[in-house]
file start-v4.cif (mmCIF, C-alpha atoms)
data_run
#
loop_
_atom_site.label_atom_id
_atom_site.label_comp_id
_atom_site.auth_asym_id
_atom_site.auth_seq_id
_atom_site.Cartn_x
_atom_site.Cartn_y
_atom_site.Cartn_z
CA MET A 477 -0.72 20.85 -8.39
CA GLU A 478 -3.36 19.09 -10.41
CA ALA A 479 -2.47 15.40 -10.37
CA HIS A 480 -5.00 14.60 -13.08
CA LEU A 481 -2.76 14.73 -16.15
CA TYR A 482 -4.39 13.11 -19.15
CA ARG A 483 -7.40 11.10 -20.11
CA ILE A 484 -6.27 8.29 -22.41
CA PRO A 485 -7.87 4.92 -23.04
CA LEU A 486 -6.25 1.84 -21.56
CA ALA A 487 -5.56 0.33 -25.00
CA ARG A 488 -3.56 3.39 -26.04
CA PHE A 489 -1.70 3.34 -22.70
CA LEU A 490 -0.72 -0.30 -23.27
CA ARG A 491 0.32 0.40 -26.87
CA ARG A 492 2.58 3.19 -25.66
CA ALA A 493 4.06 0.95 -22.95
CA ALA A 494 4.75 -1.76 -25.55
CA CYS A 495 6.41 0.78 -27.87
CA ALA A 496 8.61 2.01 -25.01
CA GLY A 497 9.57 -1.59 -24.27
CA LEU A 498 10.48 -2.24 -27.90
CA LEU A 499 12.49 0.97 -28.00
CA LEU A 500 14.47 -0.16 -24.97
CA ALA A 501 15.00 -3.55 -26.61
CA GLY A 502 16.34 -1.78 -29.68
CA LEU A 503 18.85 0.10 -27.56
CA ALA A 504 20.07 -3.12 -26.03
CA ALA A 505 23.63 -4.15 -26.75
CA CYS A 506 25.29 -6.78 -24.60
CA ALA A 507 24.27 -9.51 -22.15
CA ALA A 508 21.53 -10.66 -19.82
CA ALA A 509 20.73 -9.94 -16.18
CA GLN A 510 20.24 -12.80 -13.73
CA GLU A 511 17.26 -11.76 -11.65
CA LYS A 512 14.22 -13.62 -10.44
CA PRO A 513 10.86 -12.81 -12.07
CA TYR A 514 9.10 -12.08 -8.76
CA PHE A 515 6.72 -9.12 -8.59
CA VAL A 516 5.84 -9.03 -4.89
CA THR A 517 8.37 -11.37 -3.30
CA TYR A 518 12.00 -10.33 -2.85
CA SER A 519 14.92 -12.73 -2.94
CA HIS A 520 18.36 -12.01 -1.45
CA ASP A 521 19.76 -11.03 -4.84
CA LEU A 522 20.87 -7.42 -4.70
CA GLU A 523 21.89 -5.17 -7.56
CA GLU A 524 25.58 -5.45 -8.41
CA PRO A 525 27.50 -2.45 -7.04
CA GLY A 526 27.59 0.46 -9.47
CA ASN A 527 24.83 -0.95 -11.71
CA LEU A 528 21.52 0.78 -12.28
CA GLU A 529 18.45 -1.19 -13.24
CA ILE A 530 15.37 0.48 -14.67
CA GLU A 531 12.24 -1.59 -14.43
CA THR A 532 8.55 -1.05 -14.96
CA LYS A 533 6.08 -3.26 -13.17
CA THR A 534 2.55 -3.00 -14.49
CA ALA A 535 -0.55 -4.50 -12.87
CA LEU A 536 -3.77 -4.90 -14.85
CA ALA A 537 -6.98 -5.87 -13.09
CA ARG A 538 -10.68 -5.24 -12.80
CA PRO A 539 -12.24 -4.95 -9.34
CA GLN A 540 -15.78 -6.27 -9.04
CA GLY A 541 -18.31 -3.63 -10.08
CA ALA A 542 -15.66 -1.14 -11.22
CA ASP A 543 -13.63 -0.27 -14.30
CA ARG A 544 -10.46 -2.12 -15.17
CA PHE A 545 -7.24 -0.27 -14.43
CA GLY A 546 -3.57 -0.35 -15.32
CA ALA A 547 -1.06 0.72 -12.68
CA THR A 548 2.65 1.07 -13.34
CA ALA A 549 5.53 1.41 -10.91
CA THR A 550 8.74 2.65 -12.54
CA GLU A 551 11.69 1.54 -10.51
CA LEU A 552 15.28 2.80 -10.45
CA GLU A 553 17.44 0.29 -8.57
CA TYR A 554 21.07 1.08 -7.80
CA GLY A 555 23.70 -1.14 -6.24
CA VAL A 556 25.38 1.12 -3.68
CA LYS A 557 27.46 -1.70 -2.20
CA ALA A 558 27.48 -5.44 -2.75
CA TRP A 559 25.42 -5.66 0.50
CA TRP A 560 23.22 -2.58 -0.01
CA THR A 561 20.73 -1.76 -2.78
CA SER A 562 18.72 1.44 -2.96
CA GLU A 563 15.58 2.01 -5.02
CA LEU A 564 13.24 4.77 -6.08
CA TYR A 565 9.76 3.96 -7.38
CA VAL A 566 7.44 6.38 -9.13
CA ASP A 567 3.88 5.08 -9.30
CA GLY A 568 1.03 5.96 -11.61
CA GLN A 569 -2.21 4.47 -12.85
CA THR A 570 -4.81 4.85 -15.50
CA THR A 571 -8.47 3.93 -15.29
CA PRO A 572 -10.41 4.29 -18.56
CA ALA A 573 -13.48 6.47 -18.25
CA ASP A 574 -11.89 7.97 -15.16
CA SER A 575 -8.37 9.43 -15.27
CA THR A 576 -4.62 8.88 -15.47
CA LEU A 577 -2.54 10.17 -12.62
CA LEU A 578 0.71 9.92 -10.74
CA THR A 579 0.04 8.33 -7.39
CA GLY A 580 3.27 8.87 -5.49
CA PHE A 581 6.77 7.60 -4.87
CA ARG A 582 8.62 5.12 -2.69
CA LEU A 583 12.19 5.06 -1.40
CA GLU A 584 13.49 1.66 -0.53
CA ASN A 585 16.71 0.19 0.85
CA ARG A 586 17.73 -3.44 1.22
CA PHE A 587 20.66 -4.60 3.33
CA ARG A 588 22.33 -7.96 3.69
CA PRO A 589 23.53 -8.12 7.30
CA LEU A 590 25.52 -11.33 6.78
CA MET A 591 28.45 -11.12 4.40
CA ARG A 592 28.48 -14.81 3.57
CA GLU A 593 26.12 -17.06 1.64
CA HIS A 594 24.18 -19.40 3.92
CA TRP A 595 21.38 -21.94 3.58
CA ILE A 596 19.00 -19.13 4.45
CA ASN A 597 20.10 -15.58 3.74
CA PRO A 598 18.38 -12.73 5.59
CA VAL A 599 17.90 -9.31 4.02
CA LEU A 600 16.50 -6.28 5.85
CA TYR A 601 14.18 -4.08 3.84
CA VAL A 602 13.11 -0.56 4.79
CA GLU A 603 10.79 1.55 2.65
CA TYR A 604 9.19 4.97 2.90
CA GLU A 605 6.04 5.45 0.81
CA ASN A 606 4.44 8.77 -0.06
CA ILE A 607 1.41 7.66 -2.04
CA SER A 608 -2.22 8.57 -2.53
CA GLY A 609 -5.19 6.29 -2.03
CA ALA A 610 -5.41 5.98 -5.82
CA ASP A 611 -2.22 3.88 -5.94
CA LYS A 612 -3.07 0.51 -7.44
CA THR A 613 0.35 -0.98 -8.14
CA ALA A 614 -0.28 -3.58 -5.38
CA LEU A 615 3.42 -4.25 -4.88
CA GLU A 616 2.49 -5.61 -1.49
CA VAL A 617 -0.76 -6.83 0.02
CA VAL A 618 -1.06 -6.21 3.75
CA GLY A 619 -3.65 -5.99 6.50
CA HIS A 620 -7.18 -6.11 5.13
CA ASP A 621 -6.33 -4.74 1.66
CA GLY A 622 -9.04 -5.84 -0.74
CA GLN A 623 -10.57 -5.19 -4.12
CA ALA A 624 -12.98 -2.66 -2.61
CA ASP A 625 -9.97 -0.35 -2.03
CA LEU A 626 -9.21 -0.52 -5.75
CA ALA A 627 -12.78 0.14 -6.90
CA GLU A 628 -13.09 3.77 -5.77
CA ARG A 629 -13.07 6.52 -8.36
CA ASN A 630 -9.75 8.32 -8.70
CA SER A 631 -11.28 11.68 -7.90
CA GLU A 632 -12.18 10.37 -4.43
CA SER A 633 -9.32 8.02 -3.68
CA ARG A 634 -6.57 10.49 -4.57
CA ARG A 635 -7.69 12.80 -1.79
CA GLU A 636 -6.43 10.25 0.73
CA HIS A 637 -2.69 10.68 1.21
CA ALA A 638 -0.49 8.22 3.04
CA HIS A 639 3.00 8.45 4.47
CA GLU A 640 3.87 4.88 5.22
CA GLY A 641 6.83 2.90 6.44
CA GLU A 642 7.22 -0.68 5.27
CA PHE A 643 9.58 -3.21 6.75
CA ARG A 644 10.32 -6.69 5.49
CA LEU A 645 12.35 -9.55 6.72
CA ILE A 646 13.45 -11.34 3.57
CA LEU A 647 14.68 -14.91 3.92
CA SER A 648 15.99 -16.48 0.77
CA SER A 649 17.91 -19.56 -0.33
CA ASN A 650 19.54 -20.64 -3.57
CA LEU A 651 19.50 -24.42 -3.42
CA ARG A 652 20.41 -26.64 -6.36
CA ASP A 653 19.43 -24.03 -8.95
CA TRP A 654 16.16 -23.30 -7.15
CA ASN A 655 15.45 -20.05 -5.37
CA LEU A 656 13.11 -20.15 -2.38
CA SER A 657 12.14 -16.83 -0.82
CA GLU A 658 9.94 -15.89 2.11
CA ASN A 659 9.05 -12.30 3.07
CA PHE A 660 7.38 -11.16 6.29
CA ILE A 661 5.91 -7.69 5.84
CA ALA A 662 4.96 -5.06 8.42
CA GLU A 663 3.56 -1.73 7.23
CA LYS A 664 2.62 1.33 9.25
CA ASN A 665 0.85 4.50 8.25
CA LEU A 666 3.04 7.10 9.93
CA GLY A 667 -0.06 9.11 10.84
CA HIS A 668 -2.41 7.02 12.89
CA ASP A 669 -3.36 3.65 11.51
CA PRO A 670 -2.33 0.34 13.08
CA TRP A 671 0.51 -1.89 11.97
CA GLU A 672 -0.57 -4.06 9.04
CA PHE A 673 1.01 -7.40 8.27
CA GLY A 674 1.46 -9.49 5.17
CA TYR A 675 3.53 -12.20 3.59
CA ALA A 676 4.97 -13.18 0.23
CA VAL A 677 6.59 -16.48 -0.62
CA GLY A 678 7.95 -17.71 -3.91
CA ALA A 679 10.03 -20.30 -5.72
CA THR A 680 11.74 -20.05 -9.11
CA ARG A 681 14.07 -22.14 -11.21
CA PRO A 682 15.62 -21.77 -14.68
CA LEU A 683 13.72 -23.94 -17.15
CA LYS A 684 16.99 -25.55 -18.22
CA THR A 685 20.03 -25.70 -15.95
CA ALA A 686 22.39 -27.65 -18.21
CA LEU A 687 25.11 -25.56 -19.79
CA SER A 688 24.49 -24.27 -23.28
CA VAL A 689 27.31 -23.28 -25.57
CA ARG A 690 25.45 -21.50 -28.31
CA GLU A 691 24.23 -17.95 -27.89
CA CYS A 692 20.47 -17.96 -28.02
CA THR A 693 17.49 -15.78 -27.29
CA PHE A 694 14.50 -18.11 -27.66
CA CYS A 695 15.80 -21.05 -25.65
CA ALA A 696 14.95 -22.80 -22.40
CA GLU A 697 17.95 -21.60 -20.37
CA LYS A 698 16.84 -18.00 -20.85
CA LEU A 699 13.49 -18.76 -19.25
CA THR A 700 12.87 -18.84 -15.51
CA VAL A 701 9.62 -20.23 -14.19
CA GLY A 702 8.10 -20.36 -10.75
CA ALA A 703 5.24 -19.17 -8.60
CA GLU A 704 4.60 -16.77 -5.78
CA ALA A 705 1.85 -16.44 -3.20
CA TYR A 706 1.12 -13.30 -1.22
CA GLY A 707 -1.54 -11.81 0.96
CA GLY A 708 -2.55 -9.92 4.08
CA LEU A 709 -2.39 -11.17 7.65
CA GLY A 710 -4.58 -8.56 9.33
CA ASP A 711 -3.44 -5.71 11.55
CA THR A 712 -2.88 -4.93 15.21
CA TRP A 713 -6.56 -3.96 15.56
CA ALA A 714 -7.78 -7.23 14.03
CA LEU A 715 -5.08 -9.83 13.73
CA THR A 716 -7.19 -12.23 11.72
CA LEU A 717 -7.39 -13.66 8.23
CA ARG A 718 -11.03 -12.57 7.91
CA ASP A 719 -11.48 -10.05 5.05
CA THR A 720 -7.94 -10.46 3.84
CA SER A 721 -6.79 -10.95 0.25
CA HIS A 722 -4.57 -13.76 -0.94
CA TYR A 723 -3.17 -14.51 -4.36
CA VAL A 724 -1.37 -17.33 -6.11
CA ALA A 725 0.59 -16.33 -9.19
CA PRO A 726 2.63 -18.40 -11.64
CA LEU A 727 5.70 -16.55 -12.95
CA VAL A 728 7.66 -16.55 -16.17
CA GLY A 729 10.82 -14.55 -16.70
CA TRP A 730 12.71 -14.23 -19.97
CA ASP A 731 16.28 -12.93 -20.15
CA LEU A 732 16.67 -11.07 -23.42
CA PRO A 733 19.92 -10.01 -25.06
CA GLY A 734 21.19 -6.60 -24.06
CA ARG A 735 20.60 -6.80 -20.31
CA MET A 736 16.86 -6.79 -20.83
CA ARG A 737 14.42 -8.92 -18.94
CA VAL A 738 10.70 -9.41 -19.40
CA SER A 739 8.50 -11.09 -16.81
CA PHE A 740 4.85 -11.99 -16.74
CA SER A 741 2.55 -13.26 -14.04
CA PRO A 742 -1.18 -13.95 -14.01
CA GLY A 743 -2.30 -13.79 -10.37
CA PHE A 744 -5.45 -15.47 -9.11
CA GLY A 745 -7.33 -14.29 -6.05
CA VAL A 746 -8.27 -17.06 -3.64
CA THR A 747 -10.59 -15.22 -1.22
CA GLY A 748 -13.72 -13.13 -1.64
CA SER A 749 -11.84 -9.89 -0.89
CA SER A 750 -9.22 -10.59 -3.56
CA LEU A 751 -9.34 -9.47 -7.16
CA ASP A 752 -10.39 -12.36 -9.39
CA ARG A 753 -7.32 -11.95 -11.56
CA VAL A 754 -4.41 -9.56 -11.70
CA TYR A 755 -2.03 -9.65 -14.64
CA ARG A 756 1.46 -8.32 -14.11
CA VAL A 757 4.07 -7.45 -16.71
CA GLY A 758 7.62 -6.33 -15.97
CA VAL A 759 10.27 -4.95 -18.32
CA ALA A 760 13.76 -4.37 -16.95
CA TYR A 761 16.96 -2.95 -18.38
CA GLU A 762 20.25 -2.93 -16.52
CA MET A 763 22.95 -0.30 -17.08
CA PRO A 764 26.34 -1.62 -15.98
CA GLN A 765 28.77 0.40 -13.88
CA LEU A 766 26.92 3.68 -14.11
CA GLY A 767 28.81 5.00 -11.08
CA ALA A 768 32.16 4.44 -12.85
CA LEU A 769 30.97 6.51 -15.82
CA PHE A 770 30.38 9.51 -13.58
CA ARG A 771 33.64 9.01 -11.72
CA GLY A 772 35.47 8.83 -15.05
CA GLN A 773 37.12 5.55 -14.13
CA LYS A 774 38.34 2.98 -16.60
CA GLY A 775 35.02 1.73 -17.77
CA GLY A 776 33.28 -1.54 -18.07
CA VAL A 777 31.76 -3.22 -21.07
CA ARG A 778 30.36 -0.71 -23.50
CA MET B 1120 65.13 20.92 9.05
CA ARG B 1121 62.01 20.54 6.90
CA ARG B 1122 63.79 17.96 4.68
CA MET B 1123 64.82 16.01 7.77
CA THR B 1124 61.22 16.01 8.98
CA LEU B 1125 60.03 14.70 5.60
CA VAL B 1126 62.64 11.93 5.59
CA LEU B 1127 61.71 10.89 9.14
CA LEU B 1128 58.05 11.00 8.21
CA ALA B 1129 58.67 8.82 5.14
CA ILE B 1130 60.66 6.33 7.23
CA GLY B 1131 57.93 6.35 9.86
CA LEU B 1132 55.16 5.80 7.33
CA CYS B 1133 57.00 3.11 5.38
CA PRO B 1134 56.12 0.25 7.78
CA ILE B 1135 52.50 1.36 7.71
CA PHE B 1136 52.36 1.18 3.89
CA LEU B 1137 54.20 -2.13 3.93
CA SER B 1138 51.80 -3.55 6.48
CA LEU B 1139 48.83 -2.26 4.45
CA GLY B 1140 50.25 -3.98 1.36
CA ALA B 1141 50.78 -7.17 3.32
CA ALA B 1142 47.26 -6.92 4.69
CA ALA B 1143 45.89 -6.54 1.16
CA ALA B 1144 47.85 -9.60 0.01
CA ALA B 1145 46.70 -11.51 3.08
CA GLN B 1146 43.13 -10.42 2.29
CA GLN B 1147 43.51 -11.91 -1.19
CA ASP B 1148 44.85 -15.15 0.32
CA ALA B 1149 42.17 -15.04 2.99
CA HIS B 1150 39.54 -15.37 0.24
CA PHE B 1151 40.56 -18.98 -0.14
CA ALA B 1152 41.78 -19.61 3.41
CA ASP B 1153 38.20 -20.04 4.58
CA VAL B 1154 37.15 -22.54 1.91
CA PRO B 1155 35.79 -25.69 3.58
CA ALA B 1156 37.84 -28.81 2.86
CA LYS B 1157 34.93 -30.41 1.04
CA ASP B 1158 34.63 -27.48 -1.38
CA HIS B 1159 38.41 -27.12 -1.72
CA ALA B 1160 38.62 -30.72 -2.96
CA ARG B 1161 35.74 -30.55 -5.41
CA VAL B 1162 36.56 -31.47 -9.00
CA ASN B 1163 35.36 -29.32 -11.87
CA PRO B 1164 33.20 -31.59 -14.06
CA LEU B 1165 33.74 -29.22 -17.00
CA ALA B 1166 37.51 -28.85 -16.69
CA ASP B 1167 39.28 -28.33 -20.03
CA LYS B 1168 36.12 -28.85 -22.05
CA PRO B 1169 36.23 -26.48 -25.04
CA ASP B 1170 32.46 -26.01 -24.93
CA ALA B 1171 32.67 -24.99 -21.29
CA ILE B 1172 35.41 -22.47 -22.09
CA SER B 1173 33.29 -20.75 -24.72
CA ALA B 1174 30.19 -20.84 -22.50
CA GLY B 1175 32.30 -19.47 -19.63
CA ALA B 1176 33.64 -16.72 -21.87
CA SER B 1177 30.11 -15.67 -22.69
CA LEU B 1178 29.14 -15.70 -19.00
CA TYR B 1179 32.29 -13.76 -18.13
CA LYS B 1180 31.38 -11.09 -20.66
CA ALA B 1181 27.86 -10.92 -19.25
CA HIS B 1182 28.60 -10.80 -15.55
CA CYS B 1183 32.28 -10.20 -14.78
CA ALA B 1184 33.87 -8.06 -17.48
CA GLU B 1185 32.13 -4.89 -16.37
CA CYS B 1186 34.31 -4.89 -13.24
CA HIS B 1187 37.32 -7.10 -13.98
CA GLN B 1188 37.62 -5.83 -17.59
CA ALA B 1189 37.35 -7.84 -20.78
CA ASP B 1190 40.96 -9.05 -20.43
CA ALA B 1191 40.43 -10.04 -16.76
CA ARG B 1192 43.29 -7.76 -15.69
CA GLY B 1193 41.11 -5.63 -13.43
CA ASP B 1194 41.10 -1.85 -13.24
CA GLY B 1195 44.36 -1.53 -11.35
CA ALA B 1196 42.50 -0.22 -8.32
CA LYS B 1197 39.62 -1.81 -6.42
CA LYS B 1198 38.70 -4.40 -9.01
CA PRO B 1199 41.49 -6.96 -9.03
CA SER B 1200 43.08 -8.85 -11.87
CA LEU B 1201 41.93 -12.46 -12.17
CA ARG B 1202 45.27 -13.47 -13.63
CA ASN B 1203 47.05 -13.14 -10.29
CA PRO B 1204 49.02 -15.89 -8.52
CA GLN B 1205 46.32 -16.39 -5.85
CA VAL B 1206 43.74 -17.30 -8.49
CA ARG B 1207 46.25 -19.51 -10.32
CA SER B 1208 47.16 -21.42 -7.17
CA ALA B 1209 43.55 -21.86 -6.01
CA THR B 1210 41.81 -25.14 -6.78
CA ASP B 1211 38.76 -25.21 -9.05
CA GLY B 1212 36.72 -25.97 -5.94
CA ASP B 1213 38.10 -22.83 -4.24
CA LEU B 1214 37.09 -20.67 -7.18
CA GLU B 1215 33.60 -22.14 -7.46
CA TRP B 1216 33.10 -21.64 -3.71
CA PHE B 1217 34.30 -18.04 -3.96
CA LEU B 1218 31.97 -17.30 -6.87
CA ARG B 1219 29.09 -18.71 -4.85
CA GLN B 1220 30.00 -16.74 -1.72
CA GLY B 1221 31.23 -13.48 -3.20
CA ASP B 1222 33.00 -11.00 -0.97
CA LEU B 1223 30.26 -8.52 -0.16
CA ARG B 1224 32.43 -6.51 2.20
CA HIS B 1225 34.86 -5.72 -0.61
CA GLY B 1226 32.35 -5.25 -3.44
CA MET B 1227 32.24 -8.71 -5.01
CA PRO B 1228 28.62 -9.90 -5.33
CA SER B 1229 27.60 -13.47 -4.62
CA TRP B 1230 26.91 -15.42 -7.82
CA SER B 1231 24.82 -18.06 -6.13
CA SER B 1232 22.03 -16.99 -8.48
CA LEU B 1233 23.89 -18.59 -11.39
CA THR B 1234 23.39 -22.31 -11.88
CA GLN B 1235 26.15 -24.58 -10.67
CA ALA B 1236 27.01 -25.53 -14.24
CA GLN B 1237 27.43 -21.85 -15.10
CA ARG B 1238 29.80 -21.31 -12.16
CA TRP B 1239 31.92 -24.30 -13.23
CA ALA B 1240 32.00 -22.93 -16.78
CA LEU B 1241 33.29 -19.61 -15.43
CA VAL B 1242 36.01 -21.44 -13.50
CA THR B 1243 36.96 -23.34 -16.67
CA TYR B 1244 37.17 -20.08 -18.57
CA LEU B 1245 39.35 -18.45 -15.88
CA ARG B 1246 41.68 -21.43 -16.03
CA SER B 1247 41.93 -21.03 -19.82
CA LEU B 1248 43.30 -17.50 -19.29
CA GLU B 1249 46.36 -18.83 -17.50
#
call {"tool": "encode", "arguments": {"input": "start-v4.cif", "output": "structure tokens"}}
result
Amino acid sequence: MEAHLYRIPLARFLRRAACAGLLLAGLAACAAAQEKPYFVTYSHDLEEPGNLEIETKTALARPQGADRFGATATELEYGVKAWWTSELYVDGQTTPADSTLLTGFRLENRFRPLMREHWINPVLYVEYENISGADKTALEVVGHDGQADLAERNSESRREHAHEGEFRLILSSNLRDWNLSENFIAEKNLGHDPWEFGYAVGATRPLKTALSVRECTFCAEKLTVGAEAYGGLGDTWALTLRDTSHYVAPLVGWDLPGRMRVSFSPGFGVTGSSLDRVYRVGVAYEMPQLGALFRGQKGGVR
Amino acid sequence: MRRMTLVLLAIGLCPIFLSLGAAAAAQQDAHFADVPAKDHARVNPLADKPDAISAGASLYKAHCAECHQADARGDGAKKPSLRNPQVRSATDGDLEWFLRQGDLRHGMPSWSSLTQAQRWALVTYLRSLE
């Protein structure tokens, strides 16, 4: 099947994404989700059982000597159990003056092995990726990933096809209204390549933690701020930091009415292999108790 | 003969159902049996504050009502009523601890991601339902 679907300029792509976001906001009806605005780092927060969250995570960047691109991962996250969350990602990207294409999918599961809340809470993460070399969502940075990988033309990079397994050990703590999360990443191309390693660490906190009585949308308690850092740690062939990419990214999350959440993060590359800047935008909408709707049980909040 | 078998079967199964019921009740009690003494004794700084009740009501609607229902009476099946005697007899500290911990094995998420003030407001709201 021809993966090359349309040729649309980036500006029009962004306008359409913004319209879709506004449409979702218009459909919104009740309350806010309580998630962290991380893009690469995971905390130990799992989706509530029976809830489905739909989120788009878009990365905008311009590799040195190449065209800027916009890559979007659309994520369906379902709470199977209170200790188990399952996700499906569908990835795509558009590069003006090149093409727009779907770049693959990912299946992901996260498990909390300990049933109690501790100072540090481990979560096990297992993901299968079926993506092409044209995938630019950069939801993790591992091994010697660098901006050169993102600079190839789509017609060439999409010929490369990867079946990959990704494993993370997520360690996360909620301490005095702060969240601190550390992820250790190991990724393996199931064909031949070596194990690649990476990390992601982050901290977030609501801008205002004091209790507010009035319902509000544009107020400090609806904003979460923080920062994350992520990068590659080499691979089993060259376990070194040479030619690896690292980023530091401030984060802002805004809980909107109607179970909507918007997050934004400008990321700054700190090594020569890194992109200079990568801007990330996330829009999430949570549907409560979707499972109960299908089972015809006495429902939740409508 | 068949009726006799059914009666014997019912008598035989009765203790099993009773023990399952007792186990469920014990499970409910067990939620608070594990609360550390320090948490058990904690005092709710927002107790009886009208502002905290209305903030708690809003938080309840956002995070809890989808399972426990808007009237906090549960769904009569897996999602329990929050107006039960175990909740009434628990201390505010017990409830805040339980909100923070959750009960992942039985489907209750941990609400450690809420701020502490928000958890106390929820406890205040639950108390106002009694």
call {"tool": "closest_residue", "arguments": {"input": "start-v4.cif", "among": "B:Pro1164, B:Ala1196, B:His1159, B:Ala1181", "to": "chain A", "atoms": "all atoms listed in the file"}}
result
B:Ala1181
call {"tool": "resolve_selection", "arguments": {"input": "start-v4.cif", "expression": "the PyMOL selection byres ((chain B) within 10 of (chain A))", "output": "ChimeraX atom specification"}}
result
/B:1165,1169-1189,1193-1196,1216-1217,1219-1240
call {"tool": "atom_distance", "arguments": {"input": "start-v4.cif", "atom1": "atom CA of Leu1245 of chain B", "atom2": "atom CA of Asp1211 of chain B"}}
result
9.6 Å
call {"tool": "atom_distance", "arguments": {"input": "start-v4.cif", "atom1": "atom CA of Lys698 of chain A", "atom2": "atom CA of Leu1214 of chain B"}}
result
24.6 Å
call {"tool": "axis_aligned_box", "arguments": {"input": "start-v4.cif", "around": "segment 1203-1220 of chain B", "padding_each_side": "5 Å", "output": "AutoDock Vina command-line options"}}
result
--center_x 39.1 --center_y -19.6 --center_z -6.0 --size_x 29.9 --size_y 22.8 --size_z 18.6
call {"tool": "residues_around", "arguments": {"input": "start-v4.cif", "residues": "Arg1161 of chain B", "least_positions_apart": "4", "cutoff": "10 Å", "atoms": "only C-alpha atoms", "output": "MDAnalysis selection string"}}
result
chainID B and resid 1156:1157 1210:1213 1215:1216
call {"tool": "resolve_selection", "arguments": {"input": "start-v4.cif", "expression": "the PyMOL selection byres ((chain A and resi 665) around 7)", "output": "PyMOL selection string"}}
result
chain A and resi 638-641+663-664+666-669
call {"tool": "closest_residue", "arguments": {"input": "start-v4.cif", "among": "B:Val1206, B:Leu1201, B:Ala1152, B:Val1242", "to": "Leu1218 of chain B", "atoms": "all atoms listed in the file"}}
result
B:Val1242
call {"tool": "resolve_selection", "arguments": {"input": "start-v4.cif", "expression": "the PyMOL selection byres ((chain A and resi 517) around 8)", "output": "VMD selection string"}}
result
chain A and resid 514 to 516 518 to 519 657 to 659 676 to 678 704 706
call {"tool": "atom_distance", "arguments": {"input": "start-v4.cif", "atom1": "atom CA of Gly767 of chain A", "atom2": "atom CA of Glu531 of chain A"}}
result
18.1 Å
call {"tool": "closest_residue", "arguments": {"input": "start-v4.cif", "among": "A:Ile596, A:Ile530, A:Leu536, A:Val759", "to": "Asp731 of chain A", "atoms": "all atoms listed in the file"}}
result
A:Val759
call {"tool": "residues_around", "arguments": {"input": "start-v4.cif", "residues": "Ala614 of chain A", "least_positions_apart": "5", "cutoff": "10 Å", "atoms": "all atoms listed in the file", "output": "list of chain:residue names"}}
result
A:Phe515, A:Val516, A:Thr534, A:Ala535, A:Ala547, A:Thr548, A:Ala549, A:Asp621, A:Leu626, A:Val754
call {"tool": "build_atoms", "arguments": {"input": "start-v4.cif", "residues": "segment 1188-1199 of chain B", "atoms": "N, CA and C atoms", "output": "mmCIF file, keeping the file's coordinate frame"}}
result
data_model
loop_
_atom_site.group_PDB
_atom_site.id
_atom_site.type_symbol
_atom_site.label_atom_id
_atom_site.label_comp_id
_atom_site.auth_asym_id
_atom_site.auth_seq_id
_atom_site.Cartn_x
_atom_site.Cartn_y
_atom_site.Cartn_z
ATOM 1 N N GLN B 1188 37.185 -6.177 -16.233
ATOM 2 C CA GLN B 1188 37.620 -5.830 -17.590
ATOM 3 C C GLN B 1188 37.584 -7.056 -18.505
ATOM 4 N N ALA B 1189 37.481 -6.772 -19.788
ATOM 5 C CA ALA B 1189 37.350 -7.840 -20.780
ATOM 6 C C ALA B 1189 38.564 -8.771 -20.775
ATOM 7 N N ASP B 1190 39.752 -8.221 -20.427
ATOM 8 C CA ASP B 1190 40.960 -9.050 -20.430
ATOM 9 C C ASP B 1190 41.247 -9.658 -19.050
ATOM 10 N N ALA B 1191 40.326 -9.487 -18.115
ATOM 11 C CA ALA B 1191 40.430 -10.040 -16.760
ATOM 12 C C ALA B 1191 41.637 -9.486 -15.985
ATOM 13 N N ARG B 1192 42.141 -8.329 -16.392
ATOM 14 C CA ARG B 1192 43.290 -7.760 -15.690
ATOM 15 C C ARG B 1192 42.879 -6.721 -14.651
ATOM 16 N N GLY B 1193 41.583 -6.554 -14.441
ATOM 17 C CA GLY B 1193 41.110 -5.630 -13.430
ATOM 18 C C GLY B 1193 41.292 -4.179 -13.841
ATOM 19 N N ASP B 1194 40.973 -3.268 -12.900
ATOM 20 C CA ASP B 1194 41.100 -1.850 -13.240
ATOM 21 C C ASP B 1194 42.328 -1.216 -12.583
ATOM 22 N N GLY B 1195 43.142 -2.057 -11.984
ATOM 23 C CA GLY B 1195 44.360 -1.530 -11.350
ATOM 24 C C GLY B 1195 44.089 -0.845 -10.037
ATOM 25 N N ALA B 1196 42.830 -0.857 -9.599
ATOM 26 C CA ALA B 1196 42.500 -0.220 -8.320
ATOM 27 C C ALA B 1196 41.712 -1.215 -7.467
ATOM 28 N N LYS B 1197 40.416 -0.959 -7.320
ATOM 29 C CA LYS B 1197 39.620 -1.810 -6.420
ATOM 30 C C LYS B 1197 39.244 -3.144 -7.032
ATOM 31 N N LYS B 1198 39.164 -3.176 -8.363
ATOM 32 C CA LYS B 1198 38.700 -4.400 -9.010
ATOM 33 C C LYS B 1198 39.898 -5.202 -9.496
ATOM 34 N N PRO B 1199 40.197 -6.304 -8.817
ATOM 35 C CA PRO B 1199 41.490 -6.960 -9.030
ATOM 36 C C PRO B 1199 41.564 -7.753 -10.333
#
